[in-house]
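Peer 1: Input: one structure, supplied below.
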Amino acid sequence: METKMLDGSQIEEAADIIKKGGLVAVPTETVYGLAADALNGDAVKKIFAAKGRPADNPLIVHIAELSQIYSLVREFPEKARILAERFWPGPLTIILPKSELIPDEVSAGLDTVAVRFPSNKLAQALIKRSSPLAAPSANLSGSPSPTSAGHVYDDMNGRIDAIIDGGSCEVGVESTVITLAADPPRLLRPGGITLEQLRAAVGEVVLDDAVMNPLKNGEQAASPGMKYKHYSPKADIVLIKGASSDFVDYVNLHKGENIAALCYENEVDRLELPVIVMGEENDYVQQANRLFAALRAADEKGFKTVYAHCPKPEGIGLAVYNRIIRAAGFEVTDLEK
Ligand code: TXA
Ligand code: MG
């Protein structure tokens with residue numbers, strides 16, 4: 001299959017592909033999504049094939065007007081209304097009991113559906129001209145999510161019908177996922193909308209165990225995506241917790257062939273090995289924005305081992321932490337101990 005590169009002036013063409021049951025990669029404010037008509041089960045099946053995604057991992061349905069959600073869910077509780085009012089359009093996904101319109105391919109057999117109203121104008125235009133879109137991140141299953149059309153092309157060329165190039169993504173990590181199918185609401189995946197913001201809006205929100213920790217043997221994932229190895233470049237990521245000076249000293253002791261550091265701006269001058277810079281130490285927004293490109297860069301440069309400095313799990317730092325700890329297979333070297 002030839003994958004067409006489209007731009008923002010070719011939304012009509014992209015919408016035609018969707019209406020015919022094809023696959024289009026579309027920019028959103030978080031990461032690029034791989035979209036199909038959410039109400040067409042056969043089209044949705046192609047997403048799983050193109051990504052190599054396990055069939056038991058459900059997809060997010062994207063809407064471009066609040067009113068579109070009412071036919072997709074069985075209930076729209078008060079807390080959903082508050083969250084939608086406050087954070088949509090934007091990087092928040094809300095899980096609710098699904099309606100019978102949602103094909104089993106989308107919900108992967110669950111009784112719930114995840115819905116998001118993205119703020120990206122190209123994503124909105126495509127949805128308005130076609131239908132609600134089922135879209136996971138547009139990477140091959142397991143590899144870092146794509147934050148540019150080039151990343152999508154590297155993973156998906158020849159596997160999908162088209163890619164809409166909308167430049168690089170603002171947020172850079174996937175949306176925050178909260179389920180309202182549980183009481184109290186539960187944060188399943190941290191992202192651009194923080195736990196602190198969610199609690200300020202709806203009161204108690206539980207942080208699901210799988211956000212910070214590996215699943216225990218036999219434990220069921222509240223969000224099936226969390227049980228899979230994720231965001232992993234080919235390089236081994238070794239996650240280091242500790243103060244900047246301790247990180248620098250530790251990594252300098254471990255320098256060697258094909259070894260690099262994933263670090264902050266203020267550490268660059270003191271490190272004696274190749275570096276990939278994630279941004280300023282206290283600027284979690286910038287780190288989130290650059291993280292996935294940094295993980296891809298590690299592979300392009302052929303590093304075998306990358307020592308990564310761990311952000312604090314607070315604010316958007318929680319989202320960065322959650323992604324890096326998965327890339328590192330949950331192995332952390334804690335220099336504070
Ligand atoms: O920012 C984003 O959310 C991007 C853009 C494209 O919108 N999409 C994205 O989709 O990251 P994906 O499929 O890569 O991640 C969706 C996550 C998975 O971990 C999945 O298991 C979970 O959401 N999920 C989806 N539906 C669910 C449901 N009904 N119950 C529990 N978890 C669900
Ligand atoms: Mg994904």
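As shown in the structure tokens, the chain order sets the letters A, B, ...; within each chain, residues go from 1, and ligands are also counted from 1 in the order they appear.
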What do you get as number ranges by chain if you pick all residues at most 6 Å from ligand 1, counting only C-alpha atoms and all ligand atoms?
Peer 2: A: 30-33, 57-60, 95, 107, 112-114, 135-137, 174-175, 222-226
Peer 1: With N, CA and C atoms retained, write the just-selected residues as a PDB file, in the first residue's frame.
Peer 2:
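Listing of selection.pdb after writing:
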```pdb
ATOM      1  N   THR A  30      -1.714  15.965  21.608  1.00  0.00           N
ATOM      2  CA  THR A  30      -0.888  15.095  22.462  1.00  0.00           C
ATOM      3  C   THR A  30       0.175  14.385  21.636  1.00  0.00           C
ATOM      4  N   VAL A  31      -0.270  13.423  20.806  1.00  0.00           N
ATOM      5  CA  VAL A  31       0.599  12.667  19.903  1.00  0.00           C
ATOM      6  C   VAL A  31      -0.216  12.425  18.631  1.00  0.00           C
ATOM      7  N   TYR A  32       0.425  11.907  17.582  1.00  0.00           N
ATOM      8  CA  TYR A  32      -0.337  11.560  16.377  1.00  0.00           C
ATOM      9  C   TYR A  32      -1.190  10.321  16.645  1.00  0.00           C
ATOM     10  N   GLY A  33      -2.423  10.333  16.100  1.00  0.00           N
ATOM     11  CA  GLY A  33      -3.315   9.191  16.237  1.00  0.00           C
ATOM     12  C   GLY A  33      -3.451   8.463  14.909  1.00  0.00           C
ATOM     13  N   ASN A  57      -6.648  -4.687  23.664  1.00  0.00           N
ATOM     14  CA  ASN A  57      -6.321  -3.340  24.134  1.00  0.00           C
ATOM     15  C   ASN A  57      -7.251  -2.323  23.455  1.00  0.00           C
ATOM     16  N   PRO A  58      -8.229  -1.783  24.202  1.00  0.00           N
ATOM     17  CA  PRO A  58      -9.273  -0.942  23.595  1.00  0.00           C
ATOM     18  C   PRO A  58      -8.752   0.408  23.100  1.00  0.00           C
ATOM     19  N   LEU A  59      -9.559   1.054  22.249  1.00  0.00           N
ATOM     20  CA  LEU A  59      -9.169   2.319  21.610  1.00  0.00           C
ATOM     21  C   LEU A  59      -9.978   3.490  22.163  1.00  0.00           C
ATOM     22  N   ILE A  60      -9.422   4.681  22.013  1.00  0.00           N
ATOM     23  CA  ILE A  60     -10.114   5.917  22.389  1.00  0.00           C
ATOM     24  C   ILE A  60     -10.937   6.406  21.198  1.00  0.00           C
ATOM     25  N   ILE A  95     -13.505   7.689  30.546  1.00  0.00           N
ATOM     26  CA  ILE A  95     -14.094   6.366  30.315  1.00  0.00           C
ATOM     27  C   ILE A  95     -15.467   6.277  30.982  1.00  0.00           C
ATOM     28  N   SER A 107     -13.972  -1.374  21.904  1.00  0.00           N
ATOM     29  CA  SER A 107     -13.918  -1.526  23.363  1.00  0.00           C
ATOM     30  C   SER A 107     -13.200  -2.799  23.783  1.00  0.00           C
ATOM     31  N   THR A 112     -17.165  -0.635  28.599  1.00  0.00           N
ATOM     32  CA  THR A 112     -16.944   0.810  28.684  1.00  0.00           C
ATOM     33  C   THR A 112     -16.312   1.330  27.394  1.00  0.00           C
ATOM     34  N   VAL A 113     -16.341   2.642  27.224  1.00  0.00           N
ATOM     35  CA  VAL A 113     -15.658   3.261  26.082  1.00  0.00           C
ATOM     36  C   VAL A 113     -14.897   4.500  26.564  1.00  0.00           C
ATOM     37  N   ALA A 114     -13.727   4.710  25.986  1.00  0.00           N
ATOM     38  CA  ALA A 114     -12.904   5.880  26.304  1.00  0.00           C
ATOM     39  C   ALA A 114     -13.181   6.947  25.243  1.00  0.00           C
ATOM     40  N   ALA A 135      -8.917   6.065  17.534  1.00  0.00           N
ATOM     41  CA  ALA A 135      -7.501   6.313  17.215  1.00  0.00           C
ATOM     42  C   ALA A 135      -6.592   6.036  18.402  1.00  0.00           C
ATOM     43  N   PRO A 136      -5.737   5.037  18.288  1.00  0.00           N
ATOM     44  CA  PRO A 136      -4.634   4.883  19.236  1.00  0.00           C
ATOM     45  C   PRO A 136      -3.480   5.749  18.746  1.00  0.00           C
ATOM     46  N   SER A 137      -2.403   5.808  19.505  1.00  0.00           N
ATOM     47  CA  SER A 137      -1.213   6.502  19.018  1.00  0.00           C
ATOM     48  C   SER A 137      -0.725   5.802  17.743  1.00  0.00           C
ATOM     49  N   GLU A 174       0.756  11.212  25.651  1.00  0.00           N
ATOM     50  CA  GLU A 174      -0.643  10.910  25.408  1.00  0.00           C
ATOM     51  C   GLU A 174      -1.539  11.510  26.490  1.00  0.00           C
ATOM     52  N   SER A 175      -2.839  11.556  26.175  1.00  0.00           N
ATOM     53  CA  SER A 175      -3.800  12.183  27.074  1.00  0.00           C
ATOM     54  C   SER A 175      -3.860  11.496  28.440  1.00  0.00           C
ATOM     55  N   ALA A 222      -6.527  -2.316  35.035  1.00  0.00           N
ATOM     56  CA  ALA A 222      -7.748  -1.519  34.862  1.00  0.00           C
ATOM     57  C   ALA A 222      -7.753  -0.952  33.450  1.00  0.00           C
ATOM     58  N   SER A 223      -6.584  -0.612  32.955  1.00  0.00           N
ATOM     59  CA  SER A 223      -6.435  -0.144  31.585  1.00  0.00           C
ATOM     60  C   SER A 223      -5.522  -1.150  30.878  1.00  0.00           C
ATOM     61  N   PRO A 224      -6.075  -1.948  29.962  1.00  0.00           N
ATOM     62  CA  PRO A 224      -5.295  -3.042  29.376  1.00  0.00           C
ATOM     63  C   PRO A 224      -3.949  -2.591  28.808  1.00  0.00           C
ATOM     64  N   GLY A 225      -3.887  -1.353  28.293  1.00  0.00           N
ATOM     65  CA  GLY A 225      -2.649  -0.868  27.698  1.00  0.00           C
ATOM     66  C   GLY A 225      -1.483  -0.860  28.673  1.00  0.00           C
ATOM     67  N   MET A 226      -1.792  -0.791  29.971  1.00  0.00           N
ATOM     68  CA  MET A 226      -0.724  -0.654  30.953  1.00  0.00           C
ATOM     69  C   MET A 226       0.050  -1.941  31.181  1.00  0.00           C
TER      70      MET A 226
END
```
Peer 1: Determine, counting only C-alpha atoms, which protein, DNA and RNA residues have an atom within 9 Å of an atom of Glu280 of chain A; residues of the same chain fewer than 6 positions away are not included. Present the result as a compact mmCIF listing (two decimals) with N, CA and C atoms, in the first residue's frame.
Peer 2:
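Writing done, so here's out.txt:
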```txt
# COMPACT_ATOMS: atom_id res chain seq x y z
N CYS A 263 19.31 13.61 29.78
CA CYS A 263 19.55 14.48 30.94
C CYS A 263 18.88 15.84 30.78
N TYR A 264 19.10 16.69 31.77
CA TYR A 264 18.58 18.05 31.75
C TYR A 264 19.66 19.02 31.27
N GLU A 265 19.17 20.18 30.81
CA GLU A 265 20.02 21.24 30.27
C GLU A 265 21.22 21.55 31.17
N ASN A 266 20.98 21.70 32.49
CA ASN A 266 22.02 22.14 33.41
C ASN A 266 23.08 21.06 33.67
N GLN A 286 8.08 21.04 29.18
CA GLN A 286 9.09 20.90 28.13
C GLN A 286 9.60 19.45 28.03
N GLN A 287 9.79 18.81 29.20
CA GLN A 287 10.26 17.41 29.18
C GLN A 287 9.24 16.50 28.50
```
Peer 1: What are the DSSP helix (DSSP H, G or I) residues of segment 66-153 of chain A, as a ChimeraX atom specification?
Peer 2: /A:66-71,78-87,104-107,121-129,149-153
Peer 1: In terms of the shortest atom-to-atom distance over only C-alpha atoms, which of A:Pro190, A:Gly329, A:Pro214, A:Pro27 is closest to Ile164 of chain A?
Peer 2: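 Ranked by minimum distance to Ile164 of chain A, first place goes to A:Pro27.
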Peer 1: Excluding Leu198 of chain A and any residue of its chain fewer than 2 positions from it, enumerate the residues within 12 Å of it, using only C-alpha atoms, and give them as a PyMOL selection string.
Peer 2: chain A and resi 79-80+82-84+86-87+92-94+176-180+185-187+190-196+200-207+315
Peer 1: Taking the backbone alone, and naming residues the way the document does, which bits of segment 20-134 of chain A are strand (DSSP E or B) by DSSP, as a PyMOL selection string?
Peer 2: chain A and resi 24-26+33-37+60-62+73+92-98+112-116+133-134
Peer 1: Let's have the selection written as a PDB file, in the first residue's frame, with N, CA and C atoms.
Peer 2:
```pdb
ATOM      1  N   VAL A  24      -6.135   6.758   8.452  1.00  0.00           N
ATOM      2  CA  VAL A  24      -5.411   8.026   8.287  1.00  0.00           C
ATOM      3  C   VAL A  24      -4.745   8.403   9.614  1.00  0.00           C
ATOM      4  N   ALA A  25      -3.458   8.707   9.566  1.00  0.00           N
ATOM      5  CA  ALA A  25      -2.790   9.228  10.767  1.00  0.00           C
ATOM      6  C   ALA A  25      -3.030  10.728  10.837  1.00  0.00           C
ATOM      7  N   VAL A  26      -3.423  11.183  12.023  1.00  0.00           N
ATOM      8  CA  VAL A  26      -3.848  12.575  12.177  1.00  0.00           C
ATOM      9  C   VAL A  26      -3.144  13.196  13.393  1.00  0.00           C
ATOM     10  N   GLY A  33      -2.423  10.333  16.100  1.00  0.00           N
ATOM     11  CA  GLY A  33      -3.315   9.191  16.237  1.00  0.00           C
ATOM     12  C   GLY A  33      -3.451   8.463  14.909  1.00  0.00           C
ATOM     13  N   LEU A  34      -3.754   7.161  14.994  1.00  0.00           N
ATOM     14  CA  LEU A  34      -4.009   6.372  13.779  1.00  0.00           C
ATOM     15  C   LEU A  34      -5.506   6.116  13.722  1.00  0.00           C
ATOM     16  N   ALA A  35      -6.197   6.861  12.828  1.00  0.00           N
ATOM     17  CA  ALA A  35      -7.650   6.956  12.906  1.00  0.00           C
ATOM     18  C   ALA A  35      -8.389   6.105  11.886  1.00  0.00           C
ATOM     19  N   ALA A  36      -9.533   5.570  12.357  1.00  0.00           N
ATOM     20  CA  ALA A  36     -10.523   4.927  11.490  1.00  0.00           C
ATOM     21  C   ALA A  36     -11.902   5.333  11.997  1.00  0.00           C
ATOM     22  N   ASP A  37     -12.921   5.134  11.165  1.00  0.00           N
ATOM     23  CA  ASP A  37     -14.310   5.390  11.558  1.00  0.00           C
ATOM     24  C   ASP A  37     -14.639   4.519  12.778  1.00  0.00           C
ATOM     25  N   ILE A  60      -9.422   4.681  22.013  1.00  0.00           N
ATOM     26  CA  ILE A  60     -10.114   5.917  22.389  1.00  0.00           C
ATOM     27  C   ILE A  60     -10.937   6.406  21.198  1.00  0.00           C
ATOM     28  N   VAL A  61     -12.178   6.836  21.457  1.00  0.00           N
ATOM     29  CA  VAL A  61     -13.011   7.433  20.413  1.00  0.00           C
ATOM     30  C   VAL A  61     -12.914   8.953  20.524  1.00  0.00           C
ATOM     31  N   HIS A  62     -12.594   9.608  19.395  1.00  0.00           N
ATOM     32  CA  HIS A  62     -12.392  11.050  19.382  1.00  0.00           C
ATOM     33  C   HIS A  62     -13.605  11.754  18.778  1.00  0.00           C
ATOM     34  N   VAL A  73     -22.286   6.788  24.776  1.00  0.00           N
ATOM     35  CA  VAL A  73     -22.247   6.288  26.158  1.00  0.00           C
ATOM     36  C   VAL A  73     -23.668   6.058  26.684  1.00  0.00           C
ATOM     37  N   LEU A  92      -7.587  15.179  27.694  1.00  0.00           N
ATOM     38  CA  LEU A  92      -8.212  14.345  28.723  1.00  0.00           C
ATOM     39  C   LEU A  92      -9.133  13.329  28.066  1.00  0.00           C
ATOM     40  N   THR A  93      -8.983  12.055  28.465  1.00  0.00           N
ATOM     41  CA  THR A  93      -9.848  10.972  27.990  1.00  0.00           C
ATOM     42  C   THR A  93     -10.699  10.496  29.156  1.00  0.00           C
ATOM     43  N   ILE A  94     -12.007  10.390  28.919  1.00  0.00           N
ATOM     44  CA  ILE A  94     -12.942   9.993  29.978  1.00  0.00           C
ATOM     45  C   ILE A  94     -13.570   8.646  29.618  1.00  0.00           C
ATOM     46  N   ILE A  95     -13.505   7.689  30.546  1.00  0.00           N
ATOM     47  CA  ILE A  95     -14.094   6.366  30.315  1.00  0.00           C
ATOM     48  C   ILE A  95     -15.467   6.277  30.982  1.00  0.00           C
ATOM     49  N   LEU A  96     -16.449   5.836  30.187  1.00  0.00           N
ATOM     50  CA  LEU A  96     -17.845   5.735  30.649  1.00  0.00           C
ATOM     51  C   LEU A  96     -18.455   4.433  30.119  1.00  0.00           C
ATOM     52  N   PRO A  97     -19.583   3.996  30.688  1.00  0.00           N
ATOM     53  CA  PRO A  97     -20.267   2.811  30.139  1.00  0.00           C
ATOM     54  C   PRO A  97     -20.638   3.057  28.675  1.00  0.00           C
ATOM     55  N   LYS A  98     -20.370   2.092  27.821  1.00  0.00           N
ATOM     56  CA  LYS A  98     -20.546   2.320  26.375  1.00  0.00           C
ATOM     57  C   LYS A  98     -21.982   2.045  25.919  1.00  0.00           C
ATOM     58  N   THR A 112     -17.165  -0.635  28.599  1.00  0.00           N
ATOM     59  CA  THR A 112     -16.944   0.810  28.684  1.00  0.00           C
ATOM     60  C   THR A 112     -16.312   1.330  27.394  1.00  0.00           C
ATOM     61  N   VAL A 113     -16.341   2.642  27.224  1.00  0.00           N
ATOM     62  CA  VAL A 113     -15.658   3.261  26.082  1.00  0.00           C
ATOM     63  C   VAL A 113     -14.897   4.500  26.564  1.00  0.00           C
ATOM     64  N   ALA A 114     -13.727   4.710  25.986  1.00  0.00           N
ATOM     65  CA  ALA A 114     -12.904   5.880  26.304  1.00  0.00           C
ATOM     66  C   ALA A 114     -13.181   6.947  25.243  1.00  0.00           C
ATOM     67  N   VAL A 115     -13.483   8.178  25.697  1.00  0.00           N
ATOM     68  CA  VAL A 115     -13.827   9.253  24.755  1.00  0.00           C
ATOM     69  C   VAL A 115     -12.945  10.472  25.012  1.00  0.00           C
ATOM     70  N   ARG A 116     -12.531  11.111  23.924  1.00  0.00           N
ATOM     71  CA  ARG A 116     -11.712  12.338  24.038  1.00  0.00           C
ATOM     72  C   ARG A 116     -12.141  13.327  22.959  1.00  0.00           C
ATOM     73  N   LEU A 133     -13.824   9.272  15.524  1.00  0.00           N
ATOM     74  CA  LEU A 133     -12.677   8.468  15.085  1.00  0.00           C
ATOM     75  C   LEU A 133     -12.107   7.635  16.230  1.00  0.00           C
ATOM     76  N   ALA A 134     -11.958   6.340  15.988  1.00  0.00           N
ATOM     77  CA  ALA A 134     -11.191   5.504  16.917  1.00  0.00           C
ATOM     78  C   ALA A 134      -9.732   5.709  16.549  1.00  0.00           C
TER      79      ALA A 134
END
```
Peer 1: Which one of A:Ile11, A:Thr3, A:Lys20, A:Glu105 sits closest to Ile47 of chain A if you count only C-alpha atoms?
Peer 2: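 The shortest atom-to-atom distance to Ile47 of chain A comes from A:Glu105.
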Peer 1: If I take atom CA of Ser245 of chain A and atom CA of Arg270 of chain A, how far is one from the other in Å, to one decimal?
Peer 2: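 Interatomic distance, atom CA of Ser245 of chain A to atom CA of Arg270 of chain A: 8.8 Å.
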Peer 1: Tell me, in Å to one decimal, how far atom CA of Lys312 of chain A is from atom CA of Ser168 of chain A.
Peer 2: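 Rounded to one decimal, the two atoms are 25.1 Å apart.
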Peer 1: Between atom CA of Gly90 of chain A and atom CA of Lys128 of chain A, what is the distance, to one decimal in Å?
Peer 2: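 Going from atom CA of Gly90 of chain A over to atom CA of Lys128 of chain A covers 16.4 Å.
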Peer 1: Near Ile276 of chain A, counting only C-alpha atoms, which residues have an atom at most 9 Å away, once you skip same-chain residues fewer than 5 positions from it, shown as a ChimeraX atom specification?
Peer 2: /A:260-264,268,294-295,297-298
Peer 1: With C-alpha atoms kept, could you save the residues just selected as a PDB file, in the first residue's frame?
Peer 2:
```pdb
ATOM      1  CA  ALA A 260      24.621   8.058  26.458  1.00  0.00           C
ATOM      2  CA  ALA A 261      22.799  10.167  29.050  1.00  0.00           C
ATOM      3  CA  LEU A 262      19.214  11.404  28.813  1.00  0.00           C
ATOM      4  CA  CYS A 263      19.550  14.484  30.936  1.00  0.00           C
ATOM      5  CA  TYR A 264      18.577  18.053  31.749  1.00  0.00           C
ATOM      6  CA  VAL A 268      25.168  18.879  29.826  1.00  0.00           C
ATOM      7  CA  ALA A 294      14.486  11.861  22.655  1.00  0.00           C
ATOM      8  CA  LEU A 295      13.766   8.125  22.950  1.00  0.00           C
ATOM      9  CA  ALA A 297      16.868   9.807  18.844  1.00  0.00           C
ATOM     10  CA  ALA A 298      18.594   7.290  21.140  1.00  0.00           C
TER      11      ALA A 298
END
```
Peer 1: Using only C-alpha atoms and all ligand atoms, which residue out of A:Gly142, A:Pro89, A:Gly8, A:Pro77 lies closest to ligand 2?
Peer 2: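 Going through A:Gly142, A:Pro89, A:Gly8, A:Pro77 one by one, the smallest distance to ligand 2 is for A:Gly142.
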Peer 1: Considering only C-alpha atoms and all ligand atoms, state which residue in the set A:Asn157, A:Ser232, A:Ser67, A:Ser99 is at the smallest distance from ligand 2.
Peer 2: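 The closest residue to ligand 2 is A:Ser232.
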Peer 1: May I have the residues within 10 Å of Glu100 of chain A as a PDB file with N, CA and C atoms, in the first residue's frame, using only C-alpha atoms and disregarding those fewer than 5 positions away in the same chain?
Peer 2:
```
ATOM      1  N   SER A  71     -24.591   9.743  22.184  1.00  0.00           N
ATOM      2  CA  SER A  71     -25.000   8.470  21.578  1.00  0.00           C
ATOM      3  C   SER A  71     -23.935   7.377  21.785  1.00  0.00           C
ATOM      4  N   LEU A  72     -22.756   7.761  22.264  1.00  0.00           N
ATOM      5  CA  LEU A  72     -21.663   6.783  22.403  1.00  0.00           C
ATOM      6  C   LEU A  72     -21.639   6.122  23.780  1.00  0.00           C
ATOM      7  N   VAL A  73     -22.286   6.788  24.776  1.00  0.00           N
ATOM      8  CA  VAL A  73     -22.247   6.288  26.158  1.00  0.00           C
ATOM      9  C   VAL A  73     -23.668   6.058  26.684  1.00  0.00           C
ATOM     10  N   ARG A  74     -23.783   5.206  27.713  1.00  0.00           N
ATOM     11  CA  ARG A  74     -25.109   4.939  28.297  1.00  0.00           C
ATOM     12  C   ARG A  74     -25.457   5.947  29.383  1.00  0.00           C
ATOM     13  N   ASP A 111     -17.152  -3.280  28.769  1.00  0.00           N
ATOM     14  CA  ASP A 111     -18.481  -2.670  28.757  1.00  0.00           C
ATOM     15  C   ASP A 111     -18.382  -1.137  28.760  1.00  0.00           C
TER      16      ASP A 111
END
```
Peer 1: I need the residue nearest Leu126 of chain A from this list: A:Leu271, A:Ile160, A:Cys169, A:Ala15. Use only C-alpha atoms for the distance.
Peer 2: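 Comparing A:Leu271, A:Ile160, A:Cys169, A:Ala15 against Leu126 of chain A, the winner is A:Ala15.
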Peer 1: So that I can see what lies close to Thr28 of chain A, please list as a ChimeraX atom specification the residues with an atom at most 9 Å from it, counting only C-alpha atoms and leaving out residues fewer than 3 positions away in the same chain.
Peer 2: /A:31-33,91,118-124,147,166,169-170
Peer 1: Please, could you write that set of residues out with N, CA and C atoms as a short mmCIF file (atom, residue, chain, number, x, y, z; two decimals), in the first residue's frame?
Peer 2:
```
data_model
loop_
_atom_site.label_atom_id
_atom_site.label_comp_id
_atom_site.auth_asym_id
_atom_site.auth_seq_id
_atom_site.Cartn_x
_atom_site.Cartn_y
_atom_site.Cartn_z
N VAL A 31 -0.27 13.42 20.81
CA VAL A 31 0.60 12.67 19.90
C VAL A 31 -0.22 12.42 18.63
N TYR A 32 0.42 11.91 17.58
CA TYR A 32 -0.34 11.56 16.38
C TYR A 32 -1.19 10.32 16.65
N GLY A 33 -2.42 10.33 16.10
CA GLY A 33 -3.31 9.19 16.24
C GLY A 33 -3.45 8.46 14.91
N PRO A 91 -6.35 17.50 26.34
CA PRO A 91 -5.71 16.19 26.50
C PRO A 91 -6.26 15.34 27.64
N PRO A 118 -10.33 16.19 21.19
CA PRO A 118 -9.02 16.85 21.05
C PRO A 118 -9.17 18.32 20.65
N SER A 119 -8.16 19.12 20.99
CA SER A 119 -8.22 20.55 20.65
C SER A 119 -7.58 20.84 19.29
N ASN A 120 -6.80 19.90 18.76
CA ASN A 120 -6.12 20.15 17.48
C ASN A 120 -7.13 20.40 16.36
N LYS A 121 -6.91 21.48 15.63
CA LYS A 121 -7.90 21.90 14.62
C LYS A 121 -7.98 20.93 13.45
N LEU A 122 -6.88 20.32 13.07
CA LEU A 122 -6.93 19.38 11.95
C LEU A 122 -7.69 18.12 12.37
N ALA A 123 -7.45 17.67 13.60
CA ALA A 123 -8.19 16.50 14.10
C ALA A 123 -9.69 16.82 14.12
N GLN A 124 -10.01 18.00 14.63
CA GLN A 124 -11.43 18.39 14.69
C GLN A 124 -12.05 18.45 13.29
N THR A 147 5.40 12.05 17.77
CA THR A 147 5.04 13.44 18.00
C THR A 147 5.31 14.30 16.77
N GLY A 166 0.74 17.79 10.41
CA GLY A 166 0.32 19.01 11.12
C GLY A 166 1.43 19.52 12.01
N CYS A 169 3.65 17.92 17.86
CA CYS A 169 2.55 17.97 18.84
C CYS A 169 2.94 18.83 20.04
N GLU A 170 1.99 19.62 20.53
CA GLU A 170 2.28 20.55 21.63
C GLU A 170 2.58 19.84 22.95
#
```
Peer 1: Find the residue from A:Phe303, A:Phe292, A:Phe330, A:Phe247 that sits nearest to ligand 2; use only C-alpha atoms and all ligand atoms when measuring.
Peer 2: A:Phe292
